[in-house]
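> Attaching a single structure in structure tokens format; questions to follow.
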Amino acid sequence: MEQKIFDVSEVNDYIKTIMDGDGLLSGLTIRGEISNYKVYPSGHHYFSLKDAGGAIRCVMFRGSAAALRFRPENGMKVLASGRVSVFPRDGAYQLYCQRLTPEGVGDLYVAFEQLKKKLQAEGLFDPAHKKPLPPFPQRIAIVTSAAGAAIHDMLRILGKRYPLAKVILLPVRVQGVEAPAEIAGAIRYVNRFQLADLIITGRGGGSMEDLWAFNDERVARMIYLSQIPVISAVGHEPDVTISDFVADLRAATPSNAAELAVPEQGELRERITALRLRLAQAEERRLKLIRQQVEKLQSARVLQNPKNYLEDRRLLLDFQQNKLTAAMRQLVLKKQQDFVARRTALEAMSPLKVLSRGYAMTRDSAGRVVTDAAALKPGEIITVTLRNGEVDAAVREIRGGSNP
């Protein structure tokens, strides 16, 4: 009997037919760890699932991947649901994944933690970026559902606490696929046309699925980019969303957001009354002080008789004149004493003082003072200065001197 020969593609197609007809392989869930995860420009996701004993190739087409709420990462333990079949082109079998969920926790929780970590690393939660709320807002824009109980609670509280504020409602869906785009668009609209000086966005309580629109990255980034302060008021007090981290202020509930947004008119009246009383008391103290100053001036001597001022100044002038005269006298006396001391010192050093005691001064014919007998010659005419008068004499004999 002649053996039939098959083409490669025929064998692959045959195996594919067998595997596609197997009920177990057409719908199963596999537990494993993601590795070699890649996203191609086509939008298809390729990865492998592995455990301690082996690995299987997986592909998730763009349509199924669009439903992912978290970002798969290498090393993440997941549950992958789909069908196992053969790709005829290369003869390799793989899992055609239709649903992928993290093992042990929900995909929404993983998506929440991943986005929180990403935005925190980018600085969207930085307290330095948060803007202060206006103390007395004139216009408040509320971005929420027009049909929910949250808007009615906020309108009631705002009207009771601070009726001066104008409230602008921008109705949006707060649940579902279209909700994030509508919420982000409404916040952008308020900023573009400067419709308000404060924005409140949020909704009433619900499951994590119900609140998911406020965990959307588009909403978070629009709140961060808002030039107008934003209060996030989502769910009940235990509920926490990404919007709460990005907003300028987080409110525990929508009702709490209304309380935080505006002051209470009763407290304002009390404060105004207290300020009015303080102002009146301060004015009374000021007038009392002015009155005391006026009375003091009225009793002043200069105002009772204008001549008194001139007399006081005349007395002051006399006092200053006497003080100046005494100072001049002291200065002249000191100068006189200095003069006498200097004159006495000069007189003590004067040659005339020496001559007055019987000494004489001798000069040669050239007028030089003679201090050495050897400097003269016999017969030389010399001049002798006495206390009174001078005498010309001729040298007759020289005795002593430096050259005897």
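As shown in the structure tokens, the chain order sets the letters A, B, ...; within each chain, residues go from 1, and ligands are also counted from 1 in the order they appear.
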Among region 106-143 of chain A, which residues does DSSP mark as helix (DSSP H, G or I) when it is run on the backbone? Keep the chain and numbering as in the structure and answer as JSON, numbers by chain.

{"A": [107, 108, 109, 110, 111, 112, 113, 114, 115, 116, 117, 118, 119, 120, 121, 127, 128, 129]}

> Would you save the residues from that selection as a short mmCIF file (atom, residue, chain, number, x, y, z; two decimals), in the first residue's frame, using C-alpha atoms?


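File produced: selection.cif:
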data_model
loop_
_atom_site.label_atom_id
_atom_site.label_comp_id
_atom_site.auth_asym_id
_atom_site.auth_seq_id
_atom_site.Cartn_x
_atom_site.Cartn_y
_atom_site.Cartn_z
CA ASP A 107 -8.09 44.22 37.53
CA LEU A 108 -9.59 47.52 38.70
CA TYR A 109 -7.44 47.50 41.83
CA VAL A 110 -4.29 46.81 39.80
CA ALA A 111 -5.21 49.53 37.31
CA PHE A 112 -5.82 51.96 40.19
CA GLU A 113 -2.43 51.24 41.80
CA GLN A 114 -0.59 51.44 38.48
CA LEU A 115 -2.09 54.81 37.55
CA LYS A 116 -1.56 56.14 41.08
CA LYS A 117 2.10 55.17 40.97
CA LYS A 118 2.55 56.67 37.50
CA LEU A 119 0.92 60.03 38.26
CA GLN A 120 2.65 60.32 41.62
CA ALA A 121 6.03 59.84 39.91
CA PRO A 127 1.19 69.50 47.51
CA ALA A 128 3.21 72.43 46.13
CA HIS A 129 0.99 72.41 43.03
#

> Please extract the residues of region 143-340 of chain A with a backbone DSSP assignment of strand (DSSP E or B) and present them as a ChimeraX atom specification.

/A:143-144,166-171,198-203,230-234,249-251

> Considering only C-alpha atoms, state which residue in the set A:Leu279, A:Ala149, A:Met19, A:Ala373 is at the smallest distance from Val86 (chain A).

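Comparing A:Leu279, A:Ala149, A:Met19, A:Ala373 against Val86 (chain A), the winner is A:Met19.
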
> Smallest atom-to-atom distance to Thr385 (chain A): which of A:Val369, A:Leu268, A:Ala360, A:Ala92, using only C-alpha atoms?

A:Ala360

> I want to know what sits within 8 Å of Arg221 (chain A), based on only C-alpha atoms, with residues of the same chain fewer than 4 positions away left out; could you give that as a ChimeraX atom specification?

/A:124,217,225
